[in-house]
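Engineer: Structure file entry.cif, mmCIF, C-alpha atoms, is pasted below:
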```
data_input
#
loop_
_atom_site.label_atom_id
_atom_site.label_comp_id
_atom_site.auth_asym_id
_atom_site.auth_seq_id
_atom_site.Cartn_x
_atom_site.Cartn_y
_atom_site.Cartn_z
CA MET I 21 163.24 -7.53 79.95
CA CYS I 22 166.57 -8.85 78.63
CA ARG I 23 167.29 -5.52 76.91
CA SER I 24 166.62 -3.73 80.17
CA PHE I 25 169.02 -6.05 81.98
CA LEU I 26 171.73 -5.44 79.39
CA LEU I 27 171.27 -1.69 79.85
CA PHE I 28 171.51 -2.21 83.63
CA LEU I 29 174.79 -4.09 83.24
CA LEU I 30 176.21 -1.57 80.77
CA ILE I 31 175.54 1.35 83.07
CA SER I 32 176.91 -0.60 86.04
CA LEU I 33 180.20 -1.18 84.25
CA PHE I 34 180.66 2.42 83.13
CA VAL I 35 179.73 4.30 86.28
CA SER I 36 181.14 4.37 89.76
CA PHE I 37 178.19 4.53 92.08
CA GLY I 38 178.02 7.75 94.01
CA PHE I 39 176.83 8.48 97.47
CA ALA I 40 173.26 7.48 98.33
CA GLU I 41 171.95 11.00 98.71
CA ILE I 42 168.25 11.60 99.16
CA ARG I 43 167.18 11.51 95.52
CA PHE I 44 164.20 13.02 93.73
CA THR I 45 163.36 11.46 90.38
CA LYS I 46 160.62 12.38 87.94
CA ILE I 47 159.26 9.69 85.61
CA ARG I 48 157.08 10.92 82.75
CA SER I 49 155.13 8.64 80.35
CA ASN I 50 157.63 5.82 80.65
CA ASP I 51 156.80 2.29 79.51
CA ARG I 52 160.12 0.61 80.28
CA PRO I 53 159.60 -2.73 82.04
CA ILE I 54 162.53 -2.05 84.43
CA ILE I 55 163.65 1.35 85.75
CA PRO I 56 166.67 1.30 88.11
CA PHE I 57 166.91 4.16 90.62
CA ASP I 58 169.81 3.80 93.04
CA GLU I 59 172.19 1.35 94.68
CA PHE I 60 173.18 1.07 98.33
CA TRP I 61 175.09 -1.29 100.57
CA PHE I 62 172.94 -1.97 103.63
CA THR I 63 174.19 -3.26 106.94
CA HIS I 64 172.05 -5.50 109.21
CA ASN I 65 170.22 -2.38 110.34
CA GLY I 66 169.30 -0.70 107.06
CA ARG I 67 166.24 1.30 106.02
CA LEU I 68 164.63 2.32 102.75
CA GLU I 69 162.22 5.25 102.72
CA LEU I 70 160.15 5.60 99.56
CA ASN I 71 157.71 8.42 98.86
CA VAL I 72 155.89 8.26 95.51
CA SER I 73 153.46 10.95 94.38
CA GLN I 74 151.64 12.19 91.26
CA ILE I 75 151.13 8.62 90.02
CA THR I 76 149.24 8.37 86.73
CA LEU I 77 148.84 5.54 84.21
CA SER I 78 148.16 5.89 80.50
CA ASP I 79 145.42 3.22 80.81
CA ASN I 80 142.65 3.91 83.34
CA ASN I 81 141.15 0.43 83.07
CA PRO I 82 140.27 -0.62 86.67
CA ASN I 83 140.69 -4.30 85.73
CA LEU I 84 144.45 -4.00 85.30
CA ASN I 85 146.52 -6.26 87.53
CA PHE I 86 148.33 -3.72 89.69
CA ASN I 87 150.27 -6.50 91.42
CA ASN I 88 152.46 -6.40 88.31
CA VAL I 89 153.54 -2.80 88.90
CA GLY I 90 155.70 -1.72 91.82
CA PHE I 91 159.07 -1.17 93.47
CA PHE I 92 161.48 -3.82 94.69
CA LEU I 93 165.03 -4.35 95.99
CA CYS I 94 167.37 -6.85 94.41
CA THR I 95 171.05 -7.82 94.57
CA ARG I 96 173.03 -8.34 91.40
CA ASN I 97 173.50 -12.06 92.05
CA ALA I 98 169.79 -12.52 92.67
CA TRP I 99 168.96 -10.61 89.50
CA LEU I 100 170.77 -13.19 87.38
CA HIS I 101 168.59 -15.93 88.87
CA VAL I 102 165.46 -13.82 88.34
CA LEU I 103 166.29 -13.53 84.65
CA GLN I 104 166.73 -17.28 84.50
CA GLN I 105 163.29 -17.72 86.07
CA LEU I 106 161.80 -15.46 83.40
CA ALA I 107 163.60 -17.36 80.63
CA ASP I 108 162.30 -20.69 81.98
CA ALA I 109 158.77 -19.26 82.26
CA GLU I 110 158.69 -19.99 85.98
CA ILE I 111 157.40 -16.44 86.53
CA SER I 112 155.73 -13.90 84.24
CA CYS I 113 156.81 -10.78 86.15
CA VAL I 114 159.84 -9.83 88.21
CA LEU I 115 157.61 -8.96 91.15
CA HIS I 116 156.45 -12.59 91.36
CA SER I 117 159.95 -13.87 92.16
CA SER I 118 160.78 -14.89 95.71
CA LEU I 119 164.35 -13.64 95.17
CA VAL I 120 163.40 -9.96 95.27
CA LYS I 121 162.26 -7.82 98.20
CA ILE I 122 158.95 -6.14 97.38
CA VAL I 123 158.84 -2.56 98.65
CA SER I 124 155.34 -1.75 97.43
CA ASN I 125 153.08 -2.39 94.44
CA PHE I 126 150.31 -0.28 92.96
CA LYS I 127 147.68 -2.65 94.34
CA THR I 128 148.00 -0.77 97.64
CA LEU I 129 147.03 2.56 96.07
CA ASN I 130 143.28 1.94 96.27
CA GLY I 131 142.52 4.83 93.97
CA LYS I 132 145.11 7.17 95.51
CA SER I 133 147.85 8.87 93.52
CA SER I 134 150.60 8.59 96.15
CA PHE I 135 151.98 6.33 98.86
CA ASN I 136 154.74 6.23 101.48
CA SER I 137 156.69 3.14 102.46
CA VAL I 138 159.46 2.28 104.92
CA LEU I 139 161.21 -1.07 104.48
CA PRO I 140 163.66 -2.45 107.09
CA VAL I 141 166.58 -4.35 105.55
CA LYS I 142 168.17 -6.96 107.83
CA ASN I 143 170.35 -8.87 105.35
CA ALA I 144 173.62 -7.01 104.79
CA ASP I 145 174.33 -6.75 101.06
CA ARG I 146 174.44 -4.32 98.15
CA TYR I 147 170.92 -3.75 96.86
CA THR I 148 169.52 -1.91 93.88
CA LEU I 149 166.18 -0.11 94.03
CA LEU I 150 164.17 -0.80 90.86
CA PHE I 151 160.70 -0.22 89.48
CA ALA I 152 158.94 -2.94 87.49
CA ASN I 153 156.09 -2.41 85.03
CA CYS I 154 154.85 -5.72 83.66
CA LEU I 155 151.72 -4.22 82.07
CA SER I 156 151.97 -4.22 78.30
CA GLN I 157 151.79 -0.81 76.59
CA VAL I 158 150.97 1.02 79.81
CA LYS I 159 152.98 4.19 80.47
CA VAL I 160 153.66 5.37 84.01
CA SER I 161 154.25 8.90 85.33
CA MET I 162 155.27 9.63 88.92
CA THR I 163 157.58 11.60 91.21
CA VAL I 164 159.82 9.47 93.43
CA ARG I 165 161.73 10.44 96.56
CA SER I 166 164.06 7.68 97.76
CA ALA I 167 166.30 7.64 100.84
CA MET I 168 168.47 4.69 101.83
CA TYR I 169 170.52 4.66 105.01
CA ASN I 170 171.92 2.53 107.80
CA LEU I 171 171.24 3.05 111.51
CA LYS I 172 174.35 3.28 113.70
CA GLY I 173 175.01 3.26 117.43
CA ASN I 174 172.66 3.03 120.37
CA GLN I 175 170.79 6.15 119.30
CA ASN I 176 170.28 4.84 115.74
CA HIS I 177 171.93 7.74 113.92
CA ARG I 178 171.28 7.69 110.20
CA ASP I 179 174.25 7.05 107.90
CA TYR I 180 173.40 7.90 104.30
CA LEU I 181 176.67 6.52 102.96
CA SER I 182 176.87 2.90 101.89
CA ALA I 183 178.54 0.56 104.33
CA ASP I 184 181.59 0.44 102.03
CA GLU I 185 181.83 4.25 101.81
CA THR I 186 181.67 5.33 105.46
CA PHE I 187 185.47 5.69 105.61
CA LEU I 188 185.64 8.17 102.71
CA PRO I 189 185.16 11.45 104.70
CA LYS I 190 188.08 10.56 106.99
CA LEU I 191 190.20 9.45 104.04
CA TYR I 192 189.64 12.73 102.17
CA PHE I 193 190.37 14.78 105.30
CA LEU I 194 193.62 12.92 106.03
CA LEU I 195 194.76 13.37 102.43
CA SER I 196 193.98 17.09 102.61
CA LEU I 197 196.24 17.38 105.67
CA VAL I 198 199.01 15.68 103.71
CA TYR I 199 198.70 18.22 100.88
CA PHE I 200 198.56 21.17 103.27
CA THR I 201 201.77 19.81 104.82
CA LEU I 202 203.33 19.56 101.36
CA ALA I 203 202.30 23.14 100.66
CA GLY I 204 203.98 24.27 103.89
CA ILE I 205 207.15 22.36 103.02
CA TRP I 206 207.16 23.85 99.52
CA ILE I 207 206.78 27.40 100.92
CA TYR I 208 209.78 26.74 103.19
CA VAL I 209 211.81 25.46 100.21
CA LEU I 210 210.92 28.54 98.14
CA TYR I 211 211.99 30.81 101.00
CA LYS I 212 215.31 29.00 101.54
CA LYS I 213 216.07 28.89 97.78
CA ARG I 214 214.55 32.27 96.94
CA LEU I 215 217.53 33.27 94.78
CA THR I 216 216.84 30.41 92.36
CA VAL I 217 213.03 30.51 92.42
CA PHE I 218 211.17 30.90 89.13
CA ARG I 219 207.54 31.64 88.35
CA ILE I 220 206.86 27.97 87.65
CA HIS I 221 207.63 27.18 91.29
CA PHE I 222 204.84 29.48 92.50
CA PHE I 223 202.60 27.82 89.92
CA MET I 224 203.39 24.48 91.58
CA LEU I 225 202.45 25.91 94.98
CA ILE I 226 199.06 27.04 93.64
CA VAL I 227 198.37 23.54 92.28
CA VAL I 228 199.17 21.90 95.64
CA VAL I 229 196.99 24.37 97.58
CA LEU I 230 194.08 23.86 95.15
CA LYS I 231 194.43 20.09 95.56
CA ALA I 232 194.31 20.43 99.36
CA LEU I 233 191.23 22.70 99.20
CA ASN I 234 189.60 20.29 96.77
CA LEU I 235 190.05 17.40 99.23
CA VAL I 236 188.77 19.47 102.17
CA SER I 237 185.60 20.40 100.31
CA LYS I 238 185.17 16.77 99.22
CA ALA I 239 185.55 15.62 102.83
CA GLU I 240 182.90 18.10 104.00
CA ASP I 241 180.66 17.17 101.06
CA THR I 242 180.71 13.45 101.90
CA LEU I 243 180.44 14.14 105.63
CA TYR I 244 177.24 16.17 105.24
CA ILE I 245 175.81 13.56 102.87
CA GLN I 246 176.64 10.89 105.46
CA GLN I 247 174.86 12.78 108.24
CA THR I 248 171.91 14.40 106.44
CA GLY I 249 171.62 12.89 102.97
CA THR I 250 172.41 16.20 101.22
CA ALA I 251 175.63 18.12 100.64
CA HIS I 252 174.32 21.43 102.08
CA GLY I 253 176.15 23.42 99.40
CA TRP I 254 179.59 21.84 99.90
CA ASP I 255 179.35 20.34 96.42
CA VAL I 256 179.69 23.88 94.97
CA PRO I 257 183.20 24.64 96.38
CA PHE I 258 184.18 21.05 95.55
CA TYR I 259 183.29 21.54 91.88
CA ILE I 260 185.02 24.94 91.82
CA PHE I 261 188.28 23.71 93.36
CA SER I 262 188.15 20.51 91.32
CA SER I 263 187.80 22.50 88.09
CA LEU I 264 190.60 24.92 88.96
CA LYS I 265 192.87 22.10 90.12
CA GLY I 266 192.32 20.12 86.92
CA ILE I 267 192.98 23.08 84.64
CA MET I 268 196.04 24.23 86.60
CA LEU I 269 197.55 20.72 86.83
CA PHE I 270 197.35 20.08 83.09
CA THR I 271 198.69 23.57 82.40
CA LEU I 272 201.57 23.02 84.84
CA ILE I 273 202.63 19.75 83.23
CA ILE I 274 202.56 21.34 79.78
CA LEU I 275 204.55 24.39 80.98
CA ILE I 276 207.17 22.12 82.56
CA GLY I 277 207.36 20.25 79.27
CA THR I 278 207.96 23.50 77.36
CA GLY I 279 210.58 24.79 79.78
CA TRP I 280 208.63 27.98 80.42
CA SER I 281 210.07 30.24 83.14
CA LEU I 282 212.98 27.88 83.83
CA LEU I 283 214.59 27.83 80.38
CA LYS I 284 212.73 30.61 78.57
CA PRO I 285 210.33 33.41 79.47
CA TYR I 286 208.04 32.85 76.51
CA LEU I 287 206.03 30.13 74.74
CA GLN I 288 206.30 29.17 71.09
CA ASP I 289 203.26 29.19 68.85
CA LYS I 290 202.80 25.41 68.90
CA GLU I 291 203.06 25.43 72.70
CA LYS I 292 200.41 28.12 72.92
CA MET I 293 198.27 26.04 70.57
CA VAL I 294 198.49 23.05 72.92
CA LEU I 295 197.34 25.20 75.85
CA THR I 296 194.46 26.68 73.85
CA ILE I 297 193.30 23.13 73.16
CA VAL I 298 193.80 21.66 76.64
CA ILE I 299 192.24 24.44 78.75
CA PRO I 300 188.83 24.50 76.94
CA LEU I 301 188.79 20.70 76.95
CA GLN I 302 189.35 20.72 80.70
CA VAL I 303 186.39 23.08 81.07
CA VAL I 304 184.27 20.57 79.12
CA ALA I 305 185.60 17.73 81.31
CA ASN I 306 184.64 19.62 84.48
CA ILE I 307 181.13 20.28 83.17
CA ALA I 308 180.81 16.56 82.39
CA LEU I 309 182.02 15.73 85.92
CA VAL I 310 179.32 17.92 87.50
CA ILE I 311 176.61 16.31 85.37
CA ILE I 312 177.91 12.82 86.22
CA ASP I 313 177.82 13.52 89.95
CA GLU I 314 174.42 15.21 89.95
CA THR I 315 172.49 12.69 87.83
CA SER I 316 171.07 9.37 88.94
CA PRO I 317 173.59 6.49 88.83
CA PHE I 318 171.41 4.61 86.36
CA SER I 319 170.53 7.52 84.07
CA PRO I 320 171.31 6.61 80.43
CA TYR I 321 172.69 10.13 79.94
CA ARG I 322 175.28 9.44 82.62
CA VAL I 323 176.96 6.83 80.41
CA THR I 324 177.28 9.38 77.60
CA TRP I 325 178.77 12.05 79.86
CA LYS I 326 181.09 9.51 81.50
CA SER I 327 182.38 8.47 78.08
CA LEU I 328 182.83 12.12 77.10
CA PHE I 329 184.73 12.81 80.33
CA LEU I 330 187.10 9.89 79.72
CA LEU I 331 187.60 10.88 76.07
CA VAL I 332 188.44 14.48 76.94
CA ASP I 333 190.82 13.37 79.71
CA ILE I 334 192.61 11.03 77.30
CA ILE I 335 192.96 13.82 74.71
CA CYS I 336 194.43 16.16 77.35
CA CYS I 337 196.84 13.45 78.51
CA CYS I 338 197.97 12.85 74.93
CA ALA I 339 198.57 16.60 74.53
CA MET I 340 200.73 16.59 77.68
CA LEU I 341 202.76 13.62 76.46
CA LEU I 342 203.13 15.17 73.01
CA GLN I 343 204.64 18.32 74.53
CA ILE I 344 207.15 16.29 76.55
CA ILE I 345 208.04 14.23 73.45
CA TRP I 346 208.71 17.45 71.54
CA SER I 347 211.04 18.63 74.29
CA ILE I 348 212.87 15.28 74.36
CA LYS I 349 213.29 15.44 70.57
CA ASN I 350 214.64 18.99 70.71
CA LEU I 351 217.09 18.13 73.50
CA ARG I 352 218.31 15.05 71.63
CA GLU I 353 218.97 17.13 68.53
CA ALA I 354 220.65 19.87 70.57
CA ALA I 355 222.92 17.34 72.27
CA GLN I 356 224.16 16.20 68.85
CA THR I 357 224.64 19.59 67.20
CA ASP I 358 225.50 22.42 69.56
CA GLY I 359 228.46 20.83 71.35
CA LYS I 360 226.85 21.01 74.78
CA ALA I 361 226.20 17.31 75.00
CA ALA I 362 226.78 16.84 78.72
CA VAL I 363 224.21 19.36 79.93
CA ASN I 364 221.65 18.49 77.26
CA LEU I 365 222.01 14.80 78.03
CA MET I 366 221.29 15.52 81.72
CA LYS I 367 218.19 17.46 80.71
CA LEU I 368 217.24 14.68 78.31
CA THR I 369 217.52 12.07 81.08
CA LEU I 370 215.34 14.20 83.36
CA PHE I 371 212.71 14.63 80.67
CA LYS I 372 212.67 10.90 79.99
CA GLN I 373 212.13 10.22 83.70
CA TYR I 374 209.32 12.77 83.80
CA TYR I 375 207.79 11.26 80.65
CA VAL I 376 207.73 7.80 82.27
CA MET I 377 206.24 9.27 85.46
CA VAL I 378 203.46 11.06 83.55
CA ILE I 379 202.60 7.81 81.76
CA CYS I 380 202.45 5.93 85.09
CA TYR I 381 200.28 8.68 86.58
CA ILE I 382 197.88 8.55 83.63
CA TYR I 383 197.73 4.76 83.73
CA LEU I 384 197.04 4.55 87.47
CA THR I 385 194.47 7.39 87.62
CA LEU I 386 192.61 6.51 84.43
CA VAL I 387 193.11 2.89 83.42
CA ALA I 388 193.91 1.17 86.73
CA VAL I 389 191.28 2.96 88.85
CA TYR I 390 188.43 2.39 86.41
CA GLY I 391 189.62 -1.16 85.81
CA LEU I 392 189.59 -1.77 89.56
CA GLU I 393 186.04 -0.38 89.79
CA THR I 394 184.92 -2.70 86.99
CA ILE I 395 186.62 -5.79 88.42
CA THR I 396 185.23 -5.26 91.92
CA TRP I 397 181.82 -4.15 90.60
CA GLY I 398 182.09 -1.04 92.78
CA LYS I 399 182.19 -3.07 96.01
CA TYR I 400 185.22 -1.28 97.43
CA PRO I 401 185.05 2.38 96.34
CA TRP I 402 187.47 3.47 99.06
CA SER I 403 190.20 1.29 97.53
CA CYS I 404 189.71 2.92 94.12
CA VAL I 405 189.89 6.38 95.73
CA LEU I 406 193.01 5.41 97.70
CA VAL I 407 194.84 4.06 94.63
CA GLY I 408 194.05 7.17 92.60
CA GLU I 409 194.98 9.60 95.38
CA LEU I 410 198.22 7.80 96.27
CA ALA I 411 199.24 7.84 92.59
CA THR I 412 198.49 11.58 92.48
CA LEU I 413 200.46 12.20 95.68
CA VAL I 414 203.51 10.33 94.36
CA PHE I 415 203.31 12.30 91.11
CA TYR I 416 203.16 15.64 92.95
CA VAL I 417 206.13 14.73 95.16
CA PHE I 418 208.15 13.49 92.17
CA THR I 419 207.47 16.68 90.20
CA GLY I 420 208.40 18.91 93.12
CA TYR I 421 211.58 16.97 93.86
CA LYS I 422 212.83 16.85 90.28
CA PHE I 423 212.07 20.50 89.47
CA LYS I 424 212.72 22.13 92.83
CA PRO I 425 214.58 25.47 92.90
CA GLU I 426 218.21 24.40 92.92
CA THR I 427 221.32 26.04 91.55
CA TYR I 428 222.60 22.84 89.97
CA ASN I 429 219.31 21.38 88.85
CA PRO I 430 220.08 19.71 85.47
CA TYR I 431 216.78 21.06 84.15
CA PHE I 432 218.25 24.54 83.92
CA ALA I 433 221.95 23.76 84.33
CA ILE I 434 224.54 25.76 82.36
CA ASP I 435 227.77 24.12 81.30
CA ASP I 436 231.30 25.52 81.67
CA GLU I 437 231.48 26.78 78.07
CA GLU I 438 228.29 28.81 78.55
CA GLU I 439 229.63 30.24 81.83
CA GLU I 440 232.95 31.20 80.17
CA ALA I 441 231.08 32.81 77.28
CA ASP I 442 228.93 34.78 79.72
CA ASP I 443 232.03 35.90 81.65
CA VAL I 444 233.74 37.05 78.43
CA GLU I 445 230.65 38.94 77.37
CA GLN I 446 230.36 40.63 80.77
CA LEU I 447 234.07 41.66 80.61
CA LYS I 448 233.54 43.15 77.16
CA LEU I 449 230.56 45.13 78.37
CA HIS I 450 232.57 46.33 81.38
CA ASP I 451 235.49 47.45 79.13
CA GLU I 452 233.09 49.27 76.81
CA GLU I 453 231.59 51.13 79.76
CA LYS I 454 235.08 52.23 80.88
CA ILE I 455 235.96 53.44 77.36
CA GLY I 456 232.67 55.34 77.20
CA GLN I 457 233.49 57.07 80.44
#
```
Starting from the file, lay out its structure as structure tokens.

Structural biologist:
Amino acid sequence: MCRSFLLFLLISLFVSFGFAEIRFTKIRSNDRPIIPFDEFWFTHNGRLELNVSQITLSDNNPNLNFNNVGFFLCTRNAWLHVLQQLADAEISCVLHSSLVKIVSNFKTLNGKSSFNSVLPVKNADRYTLLFANCLSQVKVSMTVRSAMYNLKGNQNHRDYLSADETFLPKLYFLLSLVYFTLAGIWIYVLYKKRLTVFRIHFFMLIVVVLKALNLVSKAEDTLYIQQTGTAHGWDVPFYIFSSLKGIMLFTLIILIGTGWSLLKPYLQDKEKMVLTIVIPLQVVANIALVIIDETSPFSPYRVTWKSLFLLVDIICCCAMLLQIIWSIKNLREAAQTDGKAAVNLMKLTLFKQYYVMVICYIYLTLVAVYGLETITWGKYPWSCVLVGELATLVFYVFTGYKFKPETYNPYFAIDDEEEEADDVEQLKLHDEEKIGQ
């Protein structure tokens, strides 16, 4: 029982609990004493629907105490006290504790292999749905359909999002409008500055549009889950736009770090190598993200995929920073050797600012957001989403402002000596053409 609780805590710390969709879970020949299914924040008018079918036990002894096998709801605070009751031998099974809400036990089967149960929840709190098997060496198989929701309004409309997540669809939609506005502004800037526009600027536009489409699909995804308990296919465009946005964003940052399109029309071999590493890793990260979202919050495999996702993201972030460090090193050396110190120092300053901004972006979206989820125990998921999205928005605006198409942008500025050299070379070519004629 203690090992099961430690696993429960470990998974709770590593995962951010998703939306309480209608879930179908298959349990096959499982003898774990505790099996967690899902977590949900109920209001004072909550409901739990539980449909269990195809129930079989490895031991067909009719004298088994089926009161020791069943489903229950429990808060995290109550669970700590339940463990203390077990340690003090006050109870021999979790289902005997007065601190848990019994949904149903196998005593009610009466020889049947299925049952349906609806439990009203009147005490507002975050509850976890768990299954307890206190029978020694007895394996259980079953198919479980669970649906948790809150009833809203006079007509008791079902809300399948936790009480702390009901604001998320509106938040995602508002953020998508912000990014569509940014895309419109960027198109206007490209049109006004079309003489100094490079390919990288169109690349930036694609990233902003993909981000806006990603947020729209996420808003629709959460909205349909809120209303019906399922995404109705909106999870597919969300995963597609999320994957494309992630790959394009990392590629954009690396291309800015190399100076592609702005300073040179080609990539060096080591720069190509960085891209060939980052792009496949982002594909792996997106696959991990899909598996994380589609598996049960308490699945042990989810911890593994979550760790893989974080590891891959960290590797990609290190690759981005490495590319910027290379560029800073090259600019520092150029400023000391080629006599164009003023321009190279301006570029160096800009790269240093961008380097600091990338580090802040990585810290806020990776470290700070996950740290906030851990500290709050997932109680305020909208705050974690807001922090991450605001950090992303600031990063997008900073990147666009610093590398906007501008004649005198220090990123691709040319000093007076270079201009004089170009003028001399053009005059020579002009004289040669006249002599040839």

Engineer: At a cut-off of 9 Å around the point (156.6, -11.1, 83.1) (file coordinates), what residues fall inside when counting all atoms listed in the file? I'd like the answer as a PyMOL selection string.

Structural biologist: chain I and resi 21+53+88+106+109+111-116+153-155

Engineer: Using only C-alpha atoms, find the one residue out of I:Tyr180, I:Phe187, I:Phe135, I:Phe261 that sits nearest to Tyr400 in chain I.

Structural biologist: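 Nearest candidate to Tyr400 in chain I out of I:Tyr180, I:Phe187, I:Phe135, I:Phe261: I:Phe187.
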
Engineer: So, with all atoms listed in the file as the atoms that count, which of I:Val120, I:Leu230, I:Val160, I:Val138 lies closest to Asp79 in chain I?

Structural biologist: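 Counting all atoms listed in the file, the residue closest to Asp79 in chain I is I:Val160.
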
Engineer: One decimal, Å: what's the distance from CA of Val294 in chain I over to CA of Phe223 in chain I, could you say?

Structural biologist: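 A separation of 18.1 Å between them.
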
Engineer: Using only C-alpha atoms, pick whichever of I:Val158, I:Ile75, I:Asn136, I:Phe92 has the shortest atom-to-atom distance to Asp51 in chain I.

Structural biologist: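 The answer is I:Val158, which sits nearest to Asp51 in chain I.
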
Engineer: Might you pull out every residue within 8 Å of range 62-70 of chain I, with all atoms listed in the file counted and same-chain residues fewer than 3 positions away left off, and present them as a list in words?

Structural biologist: Asn136, Ser137, Val138, Leu139, Pro140, Val141, Lys142, Asn143, Ala144, Asp145, Arg146, Tyr147, Val164, Arg165, Ser166, Ala167, Met168, Tyr169, Asn170, Leu171, Lys172, Ser182 and Ala183 of chain I

Engineer: Just the number, please: distance in Å from CA of Leu287 in chain I to CA of Ile220 in chain I, one decimal.

Structural biologist: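 We find that CA of Leu287 in chain I and CA of Ile220 in chain I lie 13.1 Å from each other.
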